[in-house]
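Peer 1: The structure under discussion is supplied below as C-alpha coordinates; questions concerning it will follow.
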Amino acid sequence: MLATDLSVTYGVTTVLQRATLGVSSGELVGVIGANGAGKSTLLRCLAGASTPSAGTISIGDQSFTDLKPEARARLVGYLPQRPRVEWPMPVEEVAALGRLPHQPWWQGVGATARSPEVNAALDACDVLHLSGRRVDTLSGGEFARVMMARLLAGTHDVLIADEPISDLDPPHRVDVLNILKSETRKGRAALVALHDLALAERFCDRVIVLLEGRVIAQGAPETIFSPGVLARAFGAACRVARSDGHLIVTFDGSRPAASA
Amino acid sequence: MISRVGILVVMLGLHVALAMASLAAGPAGLVFPFVTSIGDSSVLIFWELRVPRTALAILAGGVLGLAGAALQGLLRNPLADPGLLGVSGAGALGGVGALYFGLASVSVLAMPLAGLAAASLAMTGLLLLSGRRPPPAILILAGLAINALVGALTWLALALAPSPFAVAEALTWLMGTLDAASIQDVWLVSPFALVAAILLLPLSHGLDALSLGDETATTLGARPERVRLLVVSGVAAGTGAVGAGVGALACVGLVVPHALRPIVGVRPGALLLPSMLGGAILTLAADLVLRAGLSDVRLQLGVLTSLLGAPVFLWLVMRVRFAAGSWGQGG
(Lines give C-alpha, C1' and ligand atoms only; values in the text may rest on other atoms or scores of the structure.)
Protein backbone atom coordinates (compact mmCIF):
# COMPACT_ATOMS: atom_id res chain seq x y z
CA MET A 1 0.00 0.00 0.00
CA LEU A 2 1.37 3.36 -1.03
CA ALA A 3 0.06 6.80 -0.12
CA THR A 4 1.35 9.79 -2.04
CA ASP A 5 0.98 13.46 -1.07
CA LEU A 6 -1.97 12.72 1.21
CA SER A 7 -3.60 15.86 2.59
CA VAL A 8 -6.65 16.29 4.80
CA THR A 9 -8.16 19.65 5.66
CA TYR A 10 -11.17 20.35 7.86
CA GLY A 11 -12.28 23.85 6.97
CA VAL A 12 -9.16 25.96 7.42
CA THR A 13 -7.28 23.46 9.59
CA THR A 14 -4.83 21.21 7.82
CA VAL A 15 -4.59 17.93 9.72
CA LEU A 16 -2.46 16.06 7.24
CA GLN A 17 -0.06 17.74 4.84
CA ARG A 18 1.36 15.98 1.78
CA ALA A 19 2.16 12.77 3.64
CA THR A 20 3.91 10.16 1.51
CA LEU A 21 4.43 6.72 2.95
CA GLY A 22 4.12 3.04 2.19
CA VAL A 23 3.75 -0.33 3.82
CA SER A 24 4.64 -3.58 2.06
CA SER A 25 3.49 -7.10 2.74
CA GLY A 26 5.35 -8.84 5.54
CA GLU A 27 6.06 -5.53 7.22
CA LEU A 28 4.90 -4.16 10.60
CA VAL A 29 5.11 -0.37 10.45
CA GLY A 30 4.62 1.86 13.48
CA VAL A 31 3.20 5.38 13.29
CA ILE A 32 4.63 7.61 16.02
CA GLY A 33 3.83 11.18 16.95
CA ALA A 34 2.51 13.51 19.61
CA ASN A 35 -1.24 13.82 20.34
CA GLY A 36 -2.85 15.67 17.47
CA ALA A 37 0.01 14.95 15.06
CA GLY A 38 -2.45 13.43 12.58
CA LYS A 39 -1.91 9.72 13.24
CA SER A 40 -5.60 8.81 13.48
CA THR A 41 -6.50 10.96 10.48
CA LEU A 42 -3.79 9.26 8.44
CA LEU A 43 -4.92 5.77 9.45
CA ARG A 44 -8.61 6.58 8.81
CA CYS A 45 -7.75 7.72 5.27
CA LEU A 46 -5.69 4.63 4.58
CA ALA A 47 -8.53 2.43 5.89
CA GLY A 48 -11.11 4.16 3.70
CA ALA A 49 -13.07 5.51 6.69
CA SER A 50 -12.55 9.08 5.51
CA THR A 51 -11.63 10.64 2.19
CA PRO A 52 -8.42 12.62 1.78
CA SER A 53 -8.73 16.18 0.43
CA ALA A 54 -5.82 15.54 -1.93
CA GLY A 55 -3.34 12.81 -2.78
CA THR A 56 -3.59 9.21 -3.88
CA ILE A 57 -3.62 5.83 -2.19
CA SER A 58 -2.86 2.73 -4.19
CA ILE A 59 -2.64 -0.98 -3.49
CA GLY A 60 -0.58 -2.84 -6.07
CA ASP A 61 -1.53 -1.09 -9.31
CA GLN A 62 -5.12 -0.20 -8.37
CA SER A 63 -6.26 3.10 -6.93
CA PHE A 64 -7.68 2.44 -3.46
CA THR A 65 -9.71 5.67 -3.35
CA ASP A 66 -11.55 4.76 -6.59
CA LEU A 67 -12.70 1.38 -5.30
CA LYS A 68 -16.22 0.83 -3.96
CA PRO A 69 -16.49 0.58 -0.13
CA GLU A 70 -17.17 -3.18 -0.42
CA ALA A 71 -14.01 -3.78 -2.45
CA ARG A 72 -11.93 -1.58 -0.14
CA ALA A 73 -13.22 -3.51 2.86
CA ARG A 74 -12.00 -6.79 1.38
CA LEU A 75 -8.44 -5.42 0.99
CA VAL A 76 -7.93 -3.36 4.12
CA GLY A 77 -9.07 -4.02 7.69
CA TYR A 78 -9.32 -1.31 10.34
CA LEU A 79 -9.43 -1.29 14.12
CA PRO A 80 -10.31 2.15 15.54
CA GLN A 81 -8.68 3.69 18.59
CA ARG A 82 -11.56 2.92 20.95
CA PRO A 83 -13.58 0.13 19.37
CA ARG A 84 -17.11 -0.30 20.66
CA VAL A 85 -19.89 -2.84 20.26
CA GLU A 86 -23.34 -1.32 20.69
CA TRP A 87 -25.22 -4.54 21.47
CA PRO A 88 -24.24 -7.25 23.97
CA MET A 89 -23.47 -9.84 21.27
CA PRO A 90 -21.62 -13.09 21.90
CA VAL A 91 -17.86 -13.03 21.23
CA GLU A 92 -17.96 -15.22 18.11
CA GLU A 93 -20.63 -13.06 16.43
CA VAL A 94 -18.57 -9.92 17.01
CA ALA A 95 -15.54 -11.62 15.46
CA ALA A 96 -17.75 -12.84 12.59
CA LEU A 97 -18.64 -9.21 11.75
CA GLY A 98 -15.09 -9.05 10.35
CA ARG A 99 -16.23 -11.48 7.62
CA LEU A 100 -19.00 -9.13 6.39
CA PRO A 101 -17.00 -7.83 3.39
CA HIS A 102 -16.64 -11.39 2.09
CA GLN A 103 -20.28 -12.43 2.49
CA PRO A 104 -23.16 -12.20 0.00
CA TRP A 105 -25.97 -10.03 1.39
CA TRP A 106 -28.38 -12.89 2.02
CA GLN A 107 -25.95 -14.85 4.20
CA GLY A 108 -26.32 -14.04 7.88
CA VAL A 109 -23.51 -13.33 10.32
CA GLY A 110 -24.80 -16.15 12.54
CA ALA A 111 -23.81 -18.69 9.86
CA THR A 112 -20.20 -17.48 9.68
CA ALA A 113 -19.72 -17.32 13.46
CA ARG A 114 -18.49 -20.90 13.42
CA SER A 115 -16.54 -20.67 10.13
CA PRO A 116 -12.85 -21.72 9.98
CA GLU A 117 -11.69 -18.11 9.42
CA VAL A 118 -13.48 -16.84 12.53
CA ASN A 119 -12.27 -19.78 14.63
CA ALA A 120 -8.69 -19.25 13.42
CA ALA A 121 -8.87 -15.54 14.28
CA LEU A 122 -10.31 -16.23 17.75
CA ASP A 123 -7.63 -18.85 18.31
CA ALA A 124 -4.82 -16.55 17.13
CA CYS A 125 -5.94 -13.95 19.68
CA ASP A 126 -6.34 -16.60 22.41
CA VAL A 127 -10.04 -15.89 22.93
CA LEU A 128 -11.54 -19.06 21.41
CA HIS A 129 -12.44 -20.23 24.93
CA LEU A 130 -14.57 -17.09 25.36
CA SER A 131 -17.01 -18.17 22.60
CA GLY A 132 -20.57 -17.81 23.83
CA ARG A 133 -19.67 -15.07 26.35
CA ARG A 134 -21.32 -11.67 25.87
CA VAL A 135 -18.78 -8.99 24.94
CA ASP A 136 -20.06 -6.65 27.67
CA THR A 137 -18.99 -9.17 30.33
CA LEU A 138 -15.33 -9.29 29.21
CA SER A 139 -12.38 -7.59 30.88
CA GLY A 140 -10.57 -4.80 29.02
CA GLY A 141 -7.79 -7.12 27.90
CA GLU A 142 -10.21 -9.80 26.69
CA PHE A 143 -12.30 -7.23 24.85
CA ALA A 144 -9.24 -5.78 23.09
CA ARG A 145 -8.21 -9.26 21.94
CA VAL A 146 -11.76 -10.02 20.70
CA MET A 147 -11.68 -6.80 18.69
CA MET A 148 -8.29 -7.85 17.29
CA ALA A 149 -9.88 -11.20 16.35
CA ARG A 150 -12.64 -9.25 14.56
CA LEU A 151 -9.92 -7.49 12.55
CA LEU A 152 -8.05 -10.71 11.74
CA ALA A 153 -11.22 -12.60 10.75
CA GLY A 154 -11.43 -10.37 7.67
CA THR A 155 -8.22 -11.92 6.26
CA HIS A 156 -7.28 -8.56 4.73
CA ASP A 157 -4.02 -7.87 2.88
CA VAL A 158 -3.43 -4.73 4.91
CA LEU A 159 -4.23 -4.38 8.64
CA ILE A 160 -4.57 -0.92 10.14
CA ALA A 161 -4.85 -0.49 13.92
CA ASP A 162 -5.08 2.83 15.75
CA GLU A 163 -3.40 2.55 19.16
CA PRO A 164 -4.61 -1.01 19.73
CA ILE A 165 -2.60 -1.34 22.96
CA SER A 166 -3.07 2.01 24.70
CA ASP A 167 -5.75 0.72 27.10
CA LEU A 168 -3.96 -2.51 27.96
CA ASP A 169 -1.66 -3.61 30.78
CA PRO A 170 1.98 -4.31 29.83
CA PRO A 171 1.74 -8.10 29.22
CA HIS A 172 -1.41 -7.70 27.10
CA ARG A 173 0.33 -5.01 25.05
CA VAL A 174 3.02 -7.52 24.15
CA ASP A 175 0.35 -10.16 23.35
CA VAL A 176 -1.46 -7.91 20.88
CA LEU A 177 1.73 -6.82 19.11
CA ASN A 178 2.84 -10.47 18.95
CA ILE A 179 -0.43 -11.27 17.18
CA LEU A 180 0.11 -8.50 14.62
CA LYS A 181 3.74 -9.54 14.15
CA SER A 182 2.74 -13.13 13.40
CA GLU A 183 0.14 -11.88 10.88
CA THR A 184 2.85 -9.98 9.00
CA ARG A 185 4.90 -13.20 8.91
CA LYS A 186 1.99 -14.68 6.93
CA GLY A 187 2.58 -12.00 4.30
CA ARG A 188 0.15 -9.31 5.47
CA ALA A 189 1.09 -5.67 5.86
CA ALA A 190 0.32 -3.93 9.16
CA LEU A 191 0.29 -0.24 10.04
CA VAL A 192 -0.10 0.53 13.74
CA ALA A 193 -0.23 3.82 15.64
CA LEU A 194 1.73 3.48 18.89
CA HIS A 195 2.68 5.62 21.88
CA ASP A 196 4.87 2.98 23.51
CA LEU A 197 8.25 3.70 21.92
CA ALA A 198 10.05 0.76 23.53
CA LEU A 199 7.50 -1.69 22.11
CA ALA A 200 7.59 0.13 18.76
CA GLU A 201 11.29 -0.47 18.55
CA ARG A 202 10.92 -4.09 19.69
CA PHE A 203 8.21 -5.06 17.20
CA CYS A 204 8.21 -2.67 14.23
CA ASP A 205 10.22 -3.22 11.09
CA ARG A 206 9.89 0.44 10.23
CA VAL A 207 8.66 3.57 11.98
CA ILE A 208 7.01 6.66 10.52
CA VAL A 209 7.16 9.85 12.58
CA LEU A 210 4.42 12.48 12.19
CA LEU A 211 4.60 16.09 13.34
CA GLU A 212 1.75 18.51 12.72
CA GLY A 213 0.44 16.47 9.81
CA ARG A 214 3.80 16.00 8.10
CA VAL A 215 5.99 12.93 7.89
CA ILE A 216 9.26 14.15 9.42
CA ALA A 217 11.15 10.87 9.46
CA GLN A 218 10.77 7.24 8.48
CA GLY A 219 13.05 4.26 8.64
CA ALA A 220 14.30 1.50 10.90
CA PRO A 221 13.48 2.14 14.57
CA GLU A 222 17.15 2.03 15.64
CA THR A 223 17.97 4.97 13.37
CA ILE A 224 14.74 6.92 14.04
CA PHE A 225 14.72 6.70 17.81
CA SER A 226 17.46 9.25 18.42
CA PRO A 227 17.14 12.12 20.90
CA GLY A 228 17.08 14.63 18.03
CA VAL A 229 14.15 13.12 16.09
CA LEU A 230 12.11 12.30 19.21
CA ALA A 231 12.66 15.73 20.76
CA ARG A 232 11.43 17.32 17.54
CA ALA A 233 8.47 14.96 17.19
CA PHE A 234 7.21 15.42 20.73
CA GLY A 235 8.41 18.97 21.30
CA ALA A 236 10.22 17.99 24.48
CA ALA A 237 13.79 17.22 25.43
CA CYS A 238 14.53 13.54 25.98
CA ARG A 239 17.28 11.08 26.78
CA VAL A 240 17.57 7.81 24.90
CA ALA A 241 19.32 4.79 26.45
CA ARG A 242 19.42 1.09 25.69
CA SER A 243 19.52 -1.69 28.24
CA ASP A 244 19.80 -5.35 27.20
CA GLY A 245 18.91 -4.24 23.70
CA HIS A 246 15.68 -2.58 24.89
CA LEU A 247 15.00 1.08 24.27
CA ILE A 248 14.48 3.38 27.24
CA VAL A 249 13.31 6.91 26.44
CA THR A 250 12.97 9.45 29.23
CA PHE A 251 11.17 12.66 28.43
CA ASP A 252 11.13 15.95 30.27
CA GLY A 253 7.70 17.58 30.42
CA SER A 254 6.33 19.12 27.25
CA ARG A 255 7.03 22.65 28.59
CA PRO A 256 10.38 24.07 29.66
CA ALA A 257 10.73 23.75 33.46
CA ALA A 258 11.13 27.50 33.97
CA SER A 259 7.65 28.34 32.66
CA ALA A 260 5.89 25.58 34.62
CA MET B 1 -29.78 -22.78 21.35
CA ILE B 2 -32.32 -23.82 18.73
CA SER B 3 -31.15 -23.16 15.18
CA ARG B 4 -32.28 -20.02 13.41
CA VAL B 5 -34.14 -22.00 10.75
CA GLY B 6 -35.92 -23.94 13.50
CA ILE B 7 -37.07 -20.72 15.17
CA LEU B 8 -38.33 -19.33 11.85
CA VAL B 9 -40.22 -22.56 11.08
CA VAL B 10 -41.89 -22.55 14.50
CA MET B 11 -42.83 -18.88 14.09
CA LEU B 12 -44.19 -19.48 10.60
CA GLY B 13 -46.28 -22.40 11.92
CA LEU B 14 -47.65 -20.24 14.73
CA HIS B 15 -48.34 -17.51 12.21
CA VAL B 16 -50.34 -19.82 9.90
CA ALA B 17 -52.24 -21.36 12.83
CA LEU B 18 -53.26 -17.94 14.16
CA ALA B 19 -54.24 -16.75 10.68
CA MET B 20 -56.48 -19.83 10.31
CA ALA B 21 -58.01 -19.18 13.71
CA SER B 22 -58.53 -15.56 12.79
CA LEU B 23 -60.32 -16.60 9.59
CA ALA B 24 -62.43 -19.21 11.36
CA ALA B 25 -63.45 -17.45 14.56
CA GLY B 26 -65.58 -14.43 15.31
CA PRO B 27 -68.93 -13.25 16.66
CA ALA B 28 -70.69 -15.04 13.78
CA GLY B 29 -69.31 -18.39 14.96
CA LEU B 30 -67.22 -20.93 13.12
CA VAL B 31 -67.16 -20.17 9.42
CA PHE B 32 -64.89 -21.82 6.89
CA PRO B 33 -66.28 -22.00 3.34
CA PHE B 34 -63.90 -24.72 2.22
CA VAL B 35 -64.66 -27.09 5.08
CA THR B 36 -68.23 -26.51 6.16
CA SER B 37 -71.25 -26.14 3.91
CA ILE B 38 -72.72 -22.83 4.91
CA GLY B 39 -75.22 -20.26 3.81
CA ASP B 40 -74.69 -17.15 1.70
CA SER B 41 -74.39 -14.77 4.63
CA SER B 42 -71.55 -16.79 6.12
CA VAL B 43 -69.62 -16.76 2.84
CA LEU B 44 -70.11 -13.01 2.79
CA ILE B 45 -68.87 -12.72 6.38
CA PHE B 46 -65.85 -14.79 5.50
CA TRP B 47 -64.79 -12.85 2.38
CA GLU B 48 -65.95 -9.36 3.31
CA LEU B 49 -65.03 -9.28 6.99
CA ARG B 50 -62.65 -11.98 8.07
CA VAL B 51 -60.28 -12.15 5.09
CA PRO B 52 -59.60 -8.38 5.09
CA ARG B 53 -59.34 -8.31 8.88
CA THR B 54 -56.85 -11.17 8.98
CA ALA B 55 -54.83 -9.83 6.05
CA LEU B 56 -54.70 -6.37 7.57
CA ALA B 57 -53.64 -7.73 10.96
CA ILE B 58 -50.78 -9.64 9.27
CA LEU B 59 -49.72 -6.65 7.17
CA ALA B 60 -49.90 -4.12 10.01
CA GLY B 61 -48.21 -6.36 12.58
CA GLY B 62 -45.51 -7.51 10.17
CA VAL B 63 -44.68 -3.98 9.07
CA LEU B 64 -44.60 -2.62 12.63
CA GLY B 65 -42.45 -5.48 13.95
CA LEU B 66 -39.99 -5.16 11.07
CA ALA B 67 -39.94 -1.36 11.32
CA GLY B 68 -39.29 -1.56 15.07
CA ALA B 69 -36.38 -3.98 14.63
CA ALA B 70 -34.83 -1.90 11.83
CA LEU B 71 -35.19 1.35 13.76
CA GLN B 72 -33.73 -0.10 16.95
CA GLY B 73 -30.81 -1.43 14.91
CA LEU B 74 -30.25 1.91 13.18
CA LEU B 75 -30.49 4.00 16.35
CA ARG B 76 -28.64 1.33 18.36
CA ASN B 77 -31.22 1.73 21.05
CA PRO B 78 -33.75 -0.86 22.29
CA LEU B 79 -36.18 1.91 23.26
CA ALA B 80 -36.75 3.07 19.67
CA ASP B 81 -40.25 2.61 18.25
CA PRO B 82 -41.71 3.57 14.85
CA GLY B 83 -44.13 5.88 16.68
CA LEU B 84 -41.05 7.76 17.87
CA LEU B 85 -40.31 9.30 14.47
CA GLY B 86 -43.75 10.85 14.32
CA VAL B 87 -44.55 9.07 11.07
CA SER B 88 -47.33 6.84 12.38
CA GLY B 89 -48.71 9.87 14.23
CA ALA B 90 -48.73 11.82 10.98
CA GLY B 91 -50.60 8.96 9.29
CA ALA B 92 -53.25 9.23 12.00
CA LEU B 93 -53.37 13.04 11.72
CA GLY B 94 -54.02 12.76 7.99
CA GLY B 95 -56.96 10.45 8.68
CA VAL B 96 -58.40 12.77 11.33
CA GLY B 97 -57.93 15.70 8.96
CA ALA B 98 -59.94 13.87 6.29
CA LEU B 99 -62.72 13.35 8.84
CA TYR B 100 -62.57 16.96 9.97
CA PHE B 101 -62.86 18.43 6.50
CA GLY B 102 -65.60 16.01 5.58
CA LEU B 103 -63.50 14.28 2.93
CA ALA B 104 -64.20 10.94 4.59
CA SER B 105 -67.84 11.04 3.45
CA VAL B 106 -66.77 11.61 -0.16
CA SER B 107 -64.84 8.37 -0.51
CA VAL B 108 -63.88 5.42 1.71
CA LEU B 109 -60.33 5.89 0.52
CA ALA B 110 -60.11 9.52 1.64
CA MET B 111 -58.99 8.76 5.20
CA PRO B 112 -56.21 6.30 4.36
CA LEU B 113 -55.02 8.39 1.40
CA ALA B 114 -54.90 11.57 3.50
CA GLY B 115 -53.03 9.56 6.15
CA LEU B 116 -50.47 8.39 3.61
CA ALA B 117 -49.98 11.91 2.29
CA ALA B 118 -49.44 13.26 5.80
CA ALA B 119 -47.02 10.42 6.63
CA SER B 120 -44.96 11.16 3.51
CA LEU B 121 -44.94 14.84 4.42
CA ALA B 122 -43.77 14.03 7.94
CA MET B 123 -40.99 11.85 6.57
CA THR B 124 -39.81 14.60 4.23
CA GLY B 125 -39.90 17.04 7.14
CA LEU B 126 -37.94 14.59 9.26
CA LEU B 127 -35.22 14.20 6.63
CA LEU B 128 -35.00 17.97 6.09
CA LEU B 129 -34.89 18.66 9.83
CA SER B 130 -32.29 16.05 10.72
CA GLY B 131 -29.89 16.88 7.88
CA ARG B 132 -27.88 14.70 5.56
CA ARG B 133 -25.87 12.72 8.09
CA PRO B 134 -27.85 12.85 11.32
CA PRO B 135 -26.32 11.16 14.37
CA PRO B 136 -28.88 8.88 16.09
CA ALA B 137 -29.63 11.42 18.84
CA ILE B 138 -30.48 14.16 16.32
CA LEU B 139 -32.72 11.78 14.37
CA ILE B 140 -34.61 10.90 17.58
CA LEU B 141 -34.93 14.59 18.54
CA ALA B 142 -36.17 15.50 15.05
CA GLY B 143 -38.67 12.64 15.31
CA LEU B 144 -39.85 13.87 18.72
CA ALA B 145 -40.31 17.38 17.33
CA ILE B 146 -42.38 16.08 14.40
CA ASN B 147 -44.32 13.86 16.80
CA ALA B 148 -45.11 16.81 19.11
CA LEU B 149 -46.31 18.93 16.19
CA VAL B 150 -48.40 16.10 14.75
CA GLY B 151 -49.92 15.34 18.17
CA ALA B 152 -50.81 18.98 18.76
CA LEU B 153 -52.44 19.28 15.33
CA THR B 154 -54.42 16.07 15.93
CA TRP B 155 -55.80 17.39 19.24
CA LEU B 156 -56.53 20.74 17.58
CA ALA B 157 -58.55 18.99 14.88
CA LEU B 158 -60.46 17.05 17.57
CA ALA B 159 -61.06 20.17 19.67
CA LEU B 160 -62.44 22.11 16.72
CA ALA B 161 -64.37 19.16 15.26
CA PRO B 162 -67.75 20.17 13.77
CA SER B 163 -69.78 17.40 15.43
CA PRO B 164 -69.47 14.96 18.33
CA PHE B 165 -69.96 12.12 15.85
CA ALA B 166 -66.82 13.12 13.96
CA VAL B 167 -64.92 13.21 17.27
CA ALA B 168 -66.15 9.74 18.21
CA GLU B 169 -65.26 8.33 14.82
CA ALA B 170 -61.83 9.96 14.83
CA LEU B 171 -61.12 8.73 18.36
CA THR B 172 -62.03 5.13 17.52
CA TRP B 173 -59.73 5.30 14.56
CA LEU B 174 -56.91 7.00 16.52
CA MET B 175 -56.99 4.14 18.99
CA GLY B 176 -56.22 1.71 16.18
CA THR B 177 -58.88 -0.75 15.15
CA LEU B 178 -59.45 -3.57 12.70
CA ASP B 179 -63.26 -3.41 13.15
CA ALA B 180 -63.71 -1.46 9.93
CA ALA B 181 -61.16 -3.47 7.91
CA SER B 182 -62.17 -3.67 4.26
CA ILE B 183 -60.54 -5.16 1.20
CA GLN B 184 -59.75 -1.60 -0.01
CA ASP B 185 -57.65 -1.06 3.12
CA VAL B 186 -55.75 -4.25 2.30
CA TRP B 187 -55.04 -3.08 -1.24
CA LEU B 188 -53.99 0.30 0.07
CA VAL B 189 -51.63 -0.95 2.78
CA SER B 190 -50.09 -3.93 0.99
CA PRO B 191 -47.98 -2.11 -1.65
CA PHE B 192 -46.43 0.05 1.08
CA ALA B 193 -45.88 -2.97 3.29
CA LEU B 194 -44.14 -4.64 0.35
CA VAL B 195 -41.96 -1.56 -0.21
CA ALA B 196 -41.05 -1.54 3.49
CA ALA B 197 -40.10 -5.23 3.37
CA ILE B 198 -38.04 -4.79 0.19
CA LEU B 199 -36.20 -1.80 1.66
CA LEU B 200 -35.66 -3.16 5.17
CA LEU B 201 -35.09 -6.92 4.96
CA PRO B 202 -31.83 -6.75 2.90
CA LEU B 203 -30.30 -4.30 5.40
CA SER B 204 -29.22 -7.00 7.83
CA HIS B 205 -25.50 -6.69 7.00
CA GLY B 206 -25.57 -2.90 7.11
CA LEU B 207 -27.28 -2.84 10.50
CA ASP B 208 -24.90 -5.50 11.85
CA ALA B 209 -21.92 -3.45 10.68
CA LEU B 210 -23.38 -0.28 12.25
CA SER B 211 -23.28 -1.95 15.66
CA LEU B 212 -19.50 -1.34 15.58
CA GLY B 213 -20.00 2.39 14.93
CA ASP B 214 -20.30 4.32 11.65
CA GLU B 215 -16.57 4.58 11.02
CA THR B 216 -15.79 0.89 11.46
CA ALA B 217 -18.96 0.02 9.52
CA THR B 218 -17.59 1.98 6.54
CA THR B 219 -14.36 -0.02 6.65
CA LEU B 220 -16.47 -3.20 6.62
CA GLY B 221 -18.00 -2.14 3.32
CA ALA B 222 -21.26 -0.70 4.71
CA ARG B 223 -22.59 2.73 3.72
CA PRO B 224 -24.02 4.26 6.89
CA GLU B 225 -25.73 7.14 5.09
CA ARG B 226 -27.49 4.82 2.69
CA VAL B 227 -28.57 2.45 5.47
CA ARG B 228 -29.99 5.44 7.37
CA LEU B 229 -31.91 6.70 4.34
CA LEU B 230 -33.28 3.24 3.52
CA VAL B 231 -34.38 2.55 7.10
CA VAL B 232 -36.10 5.92 7.44
CA SER B 233 -37.82 5.52 4.05
CA GLY B 234 -38.89 1.94 4.71
CA VAL B 235 -40.15 2.71 8.22
CA ALA B 236 -42.01 5.79 6.99
CA ALA B 237 -43.67 4.02 4.05
CA GLY B 238 -44.69 1.04 6.18
CA THR B 239 -45.82 2.70 9.40
CA GLY B 240 -47.37 5.63 7.54
CA ALA B 241 -49.55 3.24 5.52
CA VAL B 242 -50.46 1.24 8.63
CA GLY B 243 -51.22 4.43 10.55
CA ALA B 244 -53.46 5.48 7.68
CA GLY B 245 -55.17 2.13 7.16
CA VAL B 246 -55.55 0.82 10.70
CA GLY B 247 -54.76 3.77 12.97
CA ALA B 248 -52.16 3.78 15.70
CA LEU B 249 -51.13 0.30 16.86
CA ALA B 250 -48.78 1.42 19.59
CA CYS B 251 -45.86 -0.55 20.96
CA VAL B 252 -45.90 -3.51 18.51
CA GLY B 253 -42.60 -2.26 17.07
CA LEU B 254 -41.16 -1.90 20.55
CA VAL B 255 -42.32 -5.11 22.16
CA VAL B 256 -41.70 -7.61 19.36
CA PRO B 257 -37.92 -7.16 18.83
CA HIS B 258 -37.48 -7.03 22.57
CA ALA B 259 -39.38 -10.26 23.15
CA LEU B 260 -37.33 -11.97 20.41
CA ARG B 261 -33.86 -10.94 21.63
CA PRO B 262 -33.54 -13.76 24.20
CA ILE B 263 -34.50 -16.26 21.48
CA VAL B 264 -32.69 -15.11 18.33
CA GLY B 265 -29.94 -12.95 19.89
CA VAL B 266 -29.29 -9.21 20.04
CA ARG B 267 -27.64 -8.77 16.62
CA PRO B 268 -29.85 -6.30 14.71
CA GLY B 269 -29.57 -8.14 11.38
CA ALA B 270 -30.74 -11.41 12.95
CA LEU B 271 -33.87 -9.72 14.33
CA LEU B 272 -35.37 -8.36 11.09
CA LEU B 273 -37.19 -11.38 9.63
CA PRO B 274 -38.21 -12.87 13.02
CA SER B 275 -39.57 -9.46 14.09
CA MET B 276 -41.70 -9.26 10.96
CA LEU B 277 -43.21 -12.68 11.68
CA GLY B 278 -43.44 -11.88 15.39
CA GLY B 279 -45.28 -8.60 14.76
CA ALA B 280 -47.86 -10.41 12.65
CA ILE B 281 -48.22 -13.14 15.31
CA LEU B 282 -48.68 -10.61 18.12
CA THR B 283 -51.26 -8.59 16.19
CA LEU B 284 -53.22 -11.66 15.08
CA ALA B 285 -53.19 -12.98 18.65
CA ALA B 286 -54.23 -9.65 20.16
CA ASP B 287 -57.06 -9.32 17.65
CA LEU B 288 -58.20 -12.89 18.35
CA VAL B 289 -58.25 -12.19 22.09
CA LEU B 290 -60.39 -9.12 21.41
CA ARG B 291 -62.85 -10.94 19.16
CA ALA B 292 -63.06 -14.34 20.83
CA GLY B 293 -62.03 -13.67 24.42
CA LEU B 294 -63.41 -10.23 25.12
CA SER B 295 -66.22 -10.15 22.60
CA ASP B 296 -68.56 -8.47 25.14
CA VAL B 297 -66.17 -5.58 25.71
CA ARG B 298 -65.70 -3.03 22.92
CA LEU B 299 -61.98 -2.51 23.16
CA GLN B 300 -59.80 -1.23 20.32
CA LEU B 301 -56.79 -3.25 19.17
CA GLY B 302 -54.47 -0.26 19.61
CA VAL B 303 -55.57 0.09 23.23
CA LEU B 304 -54.75 -3.56 23.90
CA THR B 305 -51.29 -3.31 22.27
CA SER B 306 -50.61 -0.13 24.29
CA LEU B 307 -51.63 -1.91 27.48
CA LEU B 308 -49.22 -4.71 26.57
CA GLY B 309 -46.45 -2.37 25.52
CA ALA B 310 -46.37 0.20 28.31
CA PRO B 311 -45.14 -2.19 31.05
CA VAL B 312 -42.49 -3.59 28.68
CA PHE B 313 -41.35 -0.04 27.95
CA LEU B 314 -41.17 0.80 31.67
CA TRP B 315 -39.28 -2.39 32.38
CA LEU B 316 -36.82 -1.64 29.56
CA VAL B 317 -36.15 1.85 30.90
CA MET B 318 -35.46 0.45 34.37
CA ARG B 319 -33.20 -2.21 32.91
CA VAL B 320 -31.22 0.19 30.76
CA ARG B 321 -30.90 2.53 33.74
CA PHE B 322 -29.70 -0.08 36.21
CA ALA B 323 -27.53 -2.00 33.77
CA ALA B 324 -25.50 1.22 33.39
CA GLY B 325 -25.14 1.32 29.68
CA SER B 326 -25.48 -2.32 28.68
CA TRP B 327 -28.71 -3.10 26.90
CA GLY B 328 -30.85 -5.82 28.40
CA GLN B 329 -30.92 -9.14 26.65
CA GLY B 330 -33.95 -10.15 28.67
CA GLY B 331 -34.72 -13.53 30.14
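Residue numbers start at 1 in each chain; chains themselves are named A, B, ... in the order of the C-alpha coordinates; ligands are numbered from 1 in the order shown.
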Could you write out, as a count of residues only, all the residues of region 14-255 of chain A that DSSP marks as strand (DSSP E or B)?
Peer 2: 63
Peer 1: Using only C-alpha atoms, select each residue of chain A with any atom at most 9 Å away from an atom of chain B, and give the selection as a ChimeraX atom specification.
Peer 2: /A:44,47-50,68-74,76-80,83-90,93-94,97-101,103,105-110,136,154
Peer 1: Enter the distance from CA of Met276 (chain B) to CA of Ala197 (chain B), in Å, rounded to one decimal.
Peer 2: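 Distance between the two atoms: 8.7 Å.
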Peer 1: Region 51-59 of chain A: which residues within 12 Å, counting only C-alpha atoms, same-chain residues fewer than 5 positions away excluded, as a PyMOL selection string?
Peer 2: (chain A and resi 1-11+13-25+41-46+64-67+69+71-72+75-76+157-158+189) or (chain B and resi 215+218-219)
Peer 1: With distances taken over only C-alpha atoms, which of B:Ser107, B:Ser275, B:Thr283, B:Ser182 is nearest to Ile45 (chain B)?
Peer 2: B:Ser182
